[in-house]
>>> print(open('target-v9.cif').read())   # mmCIF, C-alpha atoms
data_structure
#
loop_
_atom_site.label_atom_id
_atom_site.label_comp_id
_atom_site.auth_asym_id
_atom_site.auth_seq_id
_atom_site.Cartn_x
_atom_site.Cartn_y
_atom_site.Cartn_z
CA MET A 1 -30.62 -5.44 48.72
CA LYS A 2 -30.52 -1.80 47.70
CA HIS A 3 -27.90 0.60 48.99
CA GLU A 4 -29.40 3.18 51.36
CA LEU A 5 -28.54 6.57 52.81
CA PRO A 6 -26.78 6.01 56.15
CA LYS A 7 -28.26 7.69 59.20
CA LEU A 8 -26.74 11.04 60.11
CA ASP A 9 -25.76 11.07 63.79
CA TYR A 10 -26.37 14.79 64.29
CA GLU A 11 -28.69 17.62 63.23
CA TYR A 12 -28.02 19.66 60.11
CA ASP A 13 -27.02 22.69 62.20
CA ALA A 14 -24.62 20.77 64.46
CA LEU A 15 -21.53 22.04 62.63
CA GLU A 16 -22.47 25.72 62.59
CA PRO A 17 -20.86 28.17 62.01
CA TYR A 18 -18.26 26.19 60.06
CA ILE A 19 -20.71 24.27 57.85
CA ASP A 20 -24.18 25.78 57.61
CA ALA A 21 -27.37 23.79 58.08
CA LYS A 22 -28.68 24.39 54.54
CA THR A 23 -25.47 23.07 52.96
CA MET A 24 -25.58 20.00 55.21
CA GLU A 25 -29.21 19.31 54.35
CA ILE A 26 -28.72 19.65 50.58
CA HIS A 27 -25.40 17.80 50.60
CA TYR A 28 -26.82 14.86 52.58
CA THR A 29 -30.39 14.54 51.27
CA LYS A 30 -29.81 15.55 47.64
CA HIS A 31 -26.20 14.92 46.58
CA HIS A 32 -25.50 11.78 48.62
CA GLN A 33 -28.96 10.38 47.89
CA ALA A 34 -28.43 10.94 44.16
CA TYR A 35 -25.22 8.90 44.21
CA ILE A 36 -27.08 6.06 45.93
CA ASP A 37 -29.99 6.19 43.50
CA LYS A 38 -27.66 6.07 40.49
CA LEU A 39 -25.56 3.28 42.01
CA ASN A 40 -28.70 1.19 42.59
CA ALA A 41 -29.84 1.89 39.03
CA ALA A 42 -26.48 0.74 37.65
CA LEU A 43 -26.69 -2.52 39.60
CA GLU A 44 -30.29 -3.33 38.61
CA LYS A 45 -29.40 -5.75 35.83
CA TYR A 46 -26.75 -7.52 37.90
CA PRO A 47 -28.61 -9.05 40.88
CA GLU A 48 -25.49 -10.94 41.94
CA LEU A 49 -23.74 -7.62 42.63
CA GLN A 50 -26.56 -5.95 44.55
CA ASP A 51 -25.71 -7.59 47.87
CA LYS A 52 -22.02 -6.69 47.72
CA PRO A 53 -20.92 -3.87 50.05
CA VAL A 54 -19.96 -0.75 48.12
CA GLU A 55 -16.44 -1.01 49.54
CA LYS A 56 -16.01 -4.42 47.89
CA LEU A 57 -17.34 -3.12 44.57
CA LEU A 58 -14.82 -0.27 44.63
CA LYS A 59 -11.94 -2.55 45.55
CA GLU A 60 -12.79 -4.81 42.60
CA LEU A 61 -13.64 -2.21 39.95
CA THR A 62 -11.61 -3.96 37.26
CA LYS A 63 -13.65 -7.16 37.75
CA LEU A 64 -17.02 -5.45 37.26
CA PRO A 65 -18.93 -5.65 33.97
CA GLU A 66 -17.57 -2.95 31.71
CA ASP A 67 -20.98 -1.38 31.05
CA ILE A 68 -21.43 -0.41 34.73
CA ARG A 69 -17.82 0.09 35.80
CA THR A 70 -17.80 3.86 35.35
CA ALA A 71 -21.18 4.28 37.07
CA VAL A 72 -20.03 2.24 40.07
CA ARG A 73 -16.75 4.16 40.19
CA ASN A 74 -18.55 7.52 40.16
CA HIS A 75 -21.74 6.85 42.12
CA GLY A 76 -20.45 4.04 44.33
CA GLY A 77 -17.46 6.24 45.09
CA GLY A 78 -19.76 9.14 45.92
CA HIS A 79 -21.77 6.94 48.27
CA TYR A 80 -18.71 5.47 49.98
CA ASN A 81 -16.79 8.75 50.29
CA HIS A 82 -19.75 10.60 51.79
CA SER A 83 -20.53 7.76 54.19
CA ILE A 84 -17.00 8.19 55.56
CA PHE A 85 -17.17 11.99 55.49
CA TRP A 86 -20.28 12.42 57.68
CA LYS A 87 -18.70 10.40 60.50
CA LEU A 88 -15.56 12.53 60.40
CA LEU A 89 -17.42 15.73 61.29
CA LYS A 90 -17.91 16.80 64.90
CA LYS A 91 -17.12 19.92 66.89
CA ASP A 92 -14.84 20.09 69.92
CA VAL A 93 -13.06 16.74 69.62
CA LYS A 94 -9.41 16.84 70.67
CA ILE A 95 -6.84 14.86 68.76
CA SER A 96 -5.79 11.75 70.66
CA GLU A 97 -2.22 11.01 71.70
CA LYS A 98 -2.21 7.93 69.46
CA VAL A 99 -3.18 9.86 66.31
CA ASN A 100 -0.83 12.73 67.18
CA VAL A 101 2.12 10.36 67.56
CA ALA A 102 1.31 8.63 64.27
CA ILE A 103 1.09 11.98 62.47
CA ASP A 104 4.39 13.15 64.00
CA GLU A 105 6.09 9.90 62.94
CA SER A 106 4.88 10.25 59.35
CA PHE A 107 5.05 14.02 58.81
CA GLY A 108 7.43 15.35 61.45
CA SER A 109 4.77 17.52 63.10
CA PHE A 110 1.05 18.22 63.06
CA GLU A 111 1.73 21.52 61.26
CA ASN A 112 3.56 19.67 58.48
CA PHE A 113 0.61 17.31 58.13
CA LYS A 114 -1.89 20.17 58.12
CA LYS A 115 0.07 21.95 55.38
CA ALA A 116 0.31 18.80 53.23
CA PHE A 117 -3.40 18.05 53.68
CA THR A 118 -4.40 21.67 52.99
CA ASP A 119 -2.19 21.80 49.88
CA ALA A 120 -3.77 18.57 48.60
CA ALA A 121 -7.25 20.08 49.10
CA LEU A 122 -6.44 23.46 47.56
CA ASN A 123 -4.45 22.11 44.62
CA ARG A 124 -7.11 19.59 43.55
CA PHE A 125 -8.23 21.17 40.29
CA GLY A 126 -12.01 21.10 39.93
CA SER A 127 -13.90 18.58 42.03
CA GLY A 128 -12.49 15.90 44.28
CA TRP A 129 -11.20 15.01 47.72
CA ALA A 130 -8.09 15.30 49.89
CA TRP A 131 -7.24 12.32 52.07
CA LEU A 132 -5.08 11.07 54.88
CA VAL A 133 -4.63 7.39 54.10
CA LEU A 134 -2.79 4.33 55.29
CA ASN A 135 -0.59 2.94 52.53
CA ASN A 136 1.16 -0.29 53.50
CA GLY A 137 0.88 0.72 57.16
CA LYS A 138 2.25 4.25 56.67
CA LEU A 139 0.26 7.47 56.78
CA GLU A 140 0.35 9.65 53.68
CA VAL A 141 -1.64 12.50 52.13
CA MET A 142 -3.17 12.20 48.69
CA SER A 143 -6.02 13.64 46.65
CA THR A 144 -8.47 12.05 44.25
CA ALA A 145 -10.48 13.49 41.39
CA ASN A 146 -14.27 13.48 41.30
CA GLN A 147 -15.58 10.61 43.48
CA ASP A 148 -12.56 8.36 43.06
CA CYS A 149 -11.67 6.59 46.29
CA PRO A 150 -8.34 5.54 47.82
CA ILE A 151 -9.57 1.98 48.36
CA SER A 152 -9.61 1.50 44.60
CA GLU A 153 -5.83 2.03 44.79
CA GLY A 154 -5.39 -0.35 47.73
CA LYS A 155 -5.09 2.47 50.29
CA ILE A 156 -7.19 2.89 53.45
CA PRO A 157 -8.91 6.28 53.95
CA ILE A 158 -8.46 7.64 57.48
CA LEU A 159 -9.55 11.28 57.03
CA GLY A 160 -11.08 13.00 54.02
CA ILE A 161 -12.39 16.39 53.00
CA ASP A 162 -14.89 16.90 50.20
CA VAL A 163 -13.74 19.80 48.00
CA TRP A 164 -16.56 19.62 45.49
CA GLU A 165 -18.18 23.06 45.39
CA HIS A 166 -21.48 21.62 46.62
CA ALA A 167 -19.75 20.93 49.97
CA TYR A 168 -19.08 24.59 50.71
CA TYR A 169 -20.37 27.00 48.06
CA LEU A 170 -23.46 28.36 49.85
CA LYS A 171 -21.36 29.64 52.75
CA TYR A 172 -17.89 30.12 51.28
CA GLN A 173 -18.53 30.74 47.55
CA ASN A 174 -15.05 30.62 45.95
CA ARG A 175 -13.17 30.68 49.28
CA ARG A 176 -12.09 27.06 49.37
CA ALA A 177 -9.07 27.94 51.55
CA GLU A 178 -11.35 29.30 54.30
CA TYR A 179 -13.52 26.17 54.15
CA VAL A 180 -10.45 23.92 54.44
CA GLU A 181 -9.09 25.94 57.37
CA ASN A 182 -12.42 25.68 59.20
CA PHE A 183 -12.60 21.94 58.49
CA PHE A 184 -9.81 21.49 61.03
CA LYS A 185 -12.19 22.85 63.70
CA ILE A 186 -14.75 20.10 63.09
CA ILE A 187 -12.67 16.95 62.65
CA ASN A 188 -13.93 14.04 64.70
CA TRP A 189 -10.52 12.80 65.81
CA ASP A 190 -12.13 9.89 67.66
CA GLN A 191 -13.37 8.61 64.30
CA VAL A 192 -9.94 9.23 62.74
CA GLU A 193 -8.40 7.03 65.44
CA GLU A 194 -11.03 4.35 64.87
CA ASN A 195 -10.39 4.42 61.11
CA MET A 196 -6.65 4.16 61.75
CA THR A 197 -6.79 1.27 64.20
CA LYS A 198 -9.63 -0.93 62.96
CA ARG A 199 -7.76 -2.08 59.86
#
>>> encode(input="target-v9.cif", output="structure tokens")
Amino acid sequence: MKHELPKLDYEYDALEPYIDAKTMEIHYTKHHQAYIDKLNAALEKYPELQDKPVEKLLKELTKLPEDIRTAVRNHGGGHYNHSIFWKLLKKDVKISEKVNVAIDESFGSFENFKKAFTDAALNRFGSGWAWLVLNNGKLEVMSTANQDCPISEGKIPILGIDVWEHAYYLKYQNRRAEYVENFFKIINWDQVEENMTKR
């Protein structure tokens, strides 16, 4: 069974003006698809691994054959991270009481959380991600380089922002801070709550 591009639940222009349609189209059909193609290529000579969900592969990186471990980490991570990311994007979704309370308990206030998350996104040198994760049942903010994923560290991703330049460069050029600020206007808080409670 080959890994496939998950269906996008909205049109490319659905997040305008915060993320433009052209960026969405390229990001989804070119970048995400490339990660999937390279992941499938890496798994070709290991049929016994082809049916494993990408999440399981990433959780068990150290058990994978050494010759494909880096490819699975990079391209499997890219596939998994983006599959989460697309579901987290939606305009006009209010934060739920449950998520708000959990954030207040962990960070003291939403503003404290927003600052920590923004700092993680802006201070990630080069390419990577900023995350809100569950770590042993507690919410925390972290960032990962490249396509590394929190699940490889035993943490559960709840919310993530892609800060690779391909995620924002057409619209924002070098203005990563503006992109991160606008990200807060298109967070699908319903999905955040689902990610937080389904584990």
>>> resolve_selection(input="target-v9.cif", expression="the PyMOL selection byres ((chain A and resi 116-131) around 6)", output="PyMOL selection string")
chain A and resi 113-115+132-133+141-146+159-164
>>> resolve_selection(input="target-v9.cif", expression="the PyMOL selection byres ((chain A and resi 55-65) around 9)", output="ChimeraX atom specification")
/A:46,49,52-54,66-70,72-73,76-77,80,149,151-154
>>> write_last_selection(input="target-v9.cif", atoms="C-alpha atoms", output="tab-separated table (two decimals), keeping the file's coordinate frame")
chain	number	residue	atom	x	y	z
A	46	TYR	CA	-26.75	-7.52	37.90
A	49	LEU	CA	-23.74	-7.62	42.63
A	52	LYS	CA	-22.02	-6.69	47.72
A	53	PRO	CA	-20.92	-3.87	50.05
A	54	VAL	CA	-19.96	-0.75	48.12
A	66	GLU	CA	-17.57	-2.95	31.71
A	67	ASP	CA	-20.98	-1.38	31.05
A	68	ILE	CA	-21.43	-0.41	34.73
A	69	ARG	CA	-17.82	0.09	35.80
A	70	THR	CA	-17.80	3.86	35.35
A	72	VAL	CA	-20.03	2.24	40.07
A	73	ARG	CA	-16.75	4.16	40.19
A	76	GLY	CA	-20.45	4.04	44.33
A	77	GLY	CA	-17.46	6.24	45.09
A	80	TYR	CA	-18.71	5.47	49.98
A	149	CYS	CA	-11.67	6.59	46.29
A	151	ILE	CA	-9.57	1.98	48.36
A	152	SER	CA	-9.61	1.50	44.60
A	153	GLU	CA	-5.83	2.03	44.79
A	154	GLY	CA	-5.39	-0.35	47.73
>>> residues_around(input="target-v9.cif", residues="range 21-32 of chain A", least_positions_apart="3", cutoff="8 Å", atoms="only C-alpha atoms", output="ChimeraX atom specification")
/A:5,12-16,35-36,78-79,82,166-168,170-171
>>> atom_distance(input="target-v9.cif", atom1="CA of Ile187 in chain A", atom2="CA of Lys94 in chain A")
8.7 Å
>>> closest_residue(input="target-v9.cif", among="A:Leu134, A:Ala34, A:Met1, A:Ala177", to="Thr197 in chain A", atoms="all atoms listed in the file")
A:Leu134
>>> atom_distance(input="target-v9.cif", atom1="CA of Val99 in chain A", atom2="CA of Glu193 in chain A")
6.0 Å
>>> atom_distance(input="target-v9.cif", atom1="CA of His3 in chain A", atom2="CA of Asn40 in chain A")
6.5 Å
>>> residues_near_point(input="target-v9.cif", point="(-14.9, 20.3, 65.5)", cutoff="9 Å", atoms="all atoms listed in the file", output="PyMOL selection string")
chain A and resi 15+18+89-94+182-189
>>> resolve_selection(input="target-v9.cif", expression="the PyMOL selection byres ((chain A and resi 136) around 9)", output="ChimeraX atom specification")
/A:134-135,137-139,154-156
>>> decode(input="target-v9.cif", residues="range 63-93 of chain A", atoms="N, CA and C atoms", output="PDB file, in the first residue's frame")
ATOM      1  N   LYS A  63      14.188   1.768  14.976  1.00  0.00           N
ATOM      2  CA  LYS A  63      14.062   0.354  14.612  1.00  0.00           C
ATOM      3  C   LYS A  63      14.096   0.134  13.103  1.00  0.00           C
ATOM      4  N   LEU A  64      14.061   1.219  12.333  1.00  0.00           N
ATOM      5  CA  LEU A  64      14.036   1.087  10.872  1.00  0.00           C
ATOM      6  C   LEU A  64      15.416   0.719  10.335  1.00  0.00           C
ATOM      7  N   PRO A  65      15.466   0.072   9.165  1.00  0.00           N
ATOM      8  CA  PRO A  65      16.772  -0.184   8.542  1.00  0.00           C
ATOM      9  C   PRO A  65      17.548   1.128   8.373  1.00  0.00           C
ATOM     10  N   GLU A  66      18.818   1.061   8.676  1.00  0.00           N
ATOM     11  CA  GLU A  66      19.621   2.287   8.698  1.00  0.00           C
ATOM     12  C   GLU A  66      19.658   2.992   7.344  1.00  0.00           C
ATOM     13  N   ASP A  67      19.595   2.228   6.257  1.00  0.00           N
ATOM     14  CA  ASP A  67      19.730   2.842   4.934  1.00  0.00           C
ATOM     15  C   ASP A  67      18.521   3.681   4.521  1.00  0.00           C
ATOM     16  N   ILE A  68      17.383   3.526   5.227  1.00  0.00           N
ATOM     17  CA  ILE A  68      16.210   4.351   4.883  1.00  0.00           C
ATOM     18  C   ILE A  68      15.768   5.245   6.042  1.00  0.00           C
ATOM     19  N   ARG A  69      16.463   5.165   7.153  1.00  0.00           N
ATOM     20  CA  ARG A  69      16.026   5.897   8.351  1.00  0.00           C
ATOM     21  C   ARG A  69      15.949   7.407   8.118  1.00  0.00           C
ATOM     22  N   THR A  70      16.974   7.960   7.496  1.00  0.00           N
ATOM     23  CA  THR A  70      16.983   9.408   7.258  1.00  0.00           C
ATOM     24  C   THR A  70      15.892   9.805   6.274  1.00  0.00           C
ATOM     25  N   ALA A  71      15.690   9.012   5.239  1.00  0.00           N
ATOM     26  CA  ALA A  71      14.649   9.319   4.251  1.00  0.00           C
ATOM     27  C   ALA A  71      13.264   9.286   4.886  1.00  0.00           C
ATOM     28  N   VAL A  72      13.021   8.307   5.745  1.00  0.00           N
ATOM     29  CA  VAL A  72      11.717   8.218   6.418  1.00  0.00           C
ATOM     30  C   VAL A  72      11.553   9.382   7.387  1.00  0.00           C
ATOM     31  N   ARG A  73      12.629   9.709   8.092  1.00  0.00           N
ATOM     32  CA  ARG A  73      12.575  10.855   9.018  1.00  0.00           C
ATOM     33  C   ARG A  73      12.228  12.139   8.266  1.00  0.00           C
ATOM     34  N   ASN A  74      12.889  12.370   7.146  1.00  0.00           N
ATOM     35  CA  ASN A  74      12.674  13.614   6.392  1.00  0.00           C
ATOM     36  C   ASN A  74      11.352  13.605   5.628  1.00  0.00           C
ATOM     37  N   HIS A  75      11.151  12.581   4.804  1.00  0.00           N
ATOM     38  CA  HIS A  75       9.994  12.583   3.899  1.00  0.00           C
ATOM     39  C   HIS A  75       8.729  12.050   4.585  1.00  0.00           C
ATOM     40  N   GLY A  76       8.899  11.062   5.463  1.00  0.00           N
ATOM     41  CA  GLY A  76       7.759  10.631   6.274  1.00  0.00           C
ATOM     42  C   GLY A  76       7.319  11.748   7.217  1.00  0.00           C
ATOM     43  N   GLY A  77       8.296  12.442   7.782  1.00  0.00           N
ATOM     44  CA  GLY A  77       7.970  13.596   8.635  1.00  0.00           C
ATOM     45  C   GLY A  77       7.255  14.682   7.860  1.00  0.00           C
ATOM     46  N   GLY A  78       7.726  14.948   6.639  1.00  0.00           N
ATOM     47  CA  GLY A  78       7.069  15.954   5.804  1.00  0.00           C
ATOM     48  C   GLY A  78       5.633  15.581   5.490  1.00  0.00           C
ATOM     49  N   HIS A  79       5.412  14.305   5.206  1.00  0.00           N
ATOM     50  CA  HIS A  79       4.058  13.818   4.917  1.00  0.00           C
ATOM     51  C   HIS A  79       3.172  13.931   6.163  1.00  0.00           C
ATOM     52  N   TYR A  80       3.668  13.470   7.278  1.00  0.00           N
ATOM     53  CA  TYR A  80       2.871  13.477   8.513  1.00  0.00           C
ATOM     54  C   TYR A  80       2.578  14.908   8.973  1.00  0.00           C
ATOM     55  N   ASN A  81       3.610  15.754   9.010  1.00  0.00           N
ATOM     56  CA  ASN A  81       3.437  17.124   9.488  1.00  0.00           C
ATOM     57  C   ASN A  81       2.424  17.893   8.639  1.00  0.00           C
ATOM     58  N   HIS A  82       2.522  17.739   7.317  1.00  0.00           N
ATOM     59  CA  HIS A  82       1.596  18.461   6.446  1.00  0.00           C
ATOM     60  C   HIS A  82       0.179  17.913   6.548  1.00  0.00           C
ATOM     61  N   SER A  83       0.054  16.617   6.742  1.00  0.00           N
ATOM     62  CA  SER A  83      -1.280  16.021   6.899  1.00  0.00           C
ATOM     63  C   SER A  83      -1.993  16.600   8.121  1.00  0.00           C
ATOM     64  N   ILE A  84      -1.236  16.872   9.175  1.00  0.00           N
ATOM     65  CA  ILE A  84      -1.785  17.539  10.358  1.00  0.00           C
ATOM     66  C   ILE A  84      -2.108  19.000  10.039  1.00  0.00           C
ATOM     67  N   PHE A  85      -1.158  19.657   9.393  1.00  0.00           N
ATOM     68  CA  PHE A  85      -1.229  21.102   9.146  1.00  0.00           C
ATOM     69  C   PHE A  85      -2.491  21.494   8.376  1.00  0.00           C
ATOM     70  N   TRP A  86      -2.804  20.786   7.288  1.00  0.00           N
ATOM     71  CA  TRP A  86      -3.964  21.176   6.469  1.00  0.00           C
ATOM     72  C   TRP A  86      -5.248  21.184   7.290  1.00  0.00           C
ATOM     73  N   LYS A  87      -5.395  20.248   8.204  1.00  0.00           N
ATOM     74  CA  LYS A  87      -6.623  20.161   9.009  1.00  0.00           C
ATOM     75  C   LYS A  87      -6.717  21.272  10.047  1.00  0.00           C
ATOM     76  N   LEU A  88      -5.587  21.883  10.357  1.00  0.00           N
ATOM     77  CA  LEU A  88      -5.549  22.928  11.381  1.00  0.00           C
ATOM     78  C   LEU A  88      -5.878  24.309  10.831  1.00  0.00           C
ATOM     79  N   LEU A  89      -6.153  24.401   9.542  1.00  0.00           N
ATOM     80  CA  LEU A  89      -6.375  25.699   8.906  1.00  0.00           C
ATOM     81  C   LEU A  89      -7.845  25.899   8.542  1.00  0.00           C
ATOM     82  N   LYS A  90      -8.438  26.942   9.099  1.00  0.00           N
ATOM     83  CA  LYS A  90      -9.824  27.284   8.779  1.00  0.00           C
ATOM     84  C   LYS A  90     -10.106  28.677   9.324  1.00  0.00           C
ATOM     85  N   LYS A  91     -10.829  29.469   8.563  1.00  0.00           N
ATOM     86  CA  LYS A  91     -11.152  30.819   9.017  1.00  0.00           C
ATOM     87  C   LYS A  91     -12.357  30.802   9.952  1.00  0.00           C
ATOM     88  N   ASP A  92     -12.372  31.793  10.833  1.00  0.00           N
ATOM     89  CA  ASP A  92     -13.557  32.099  11.658  1.00  0.00           C
ATOM     90  C   ASP A  92     -13.983  30.958  12.578  1.00  0.00           C
ATOM     91  N   VAL A  93     -13.016  30.303  13.202  1.00  0.00           N
ATOM     92  CA  VAL A  93     -13.343  29.283  14.208  1.00  0.00           C
ATOM     93  C   VAL A  93     -12.906  29.812  15.574  1.00  0.00           C
TER      94      VAL A  93
END
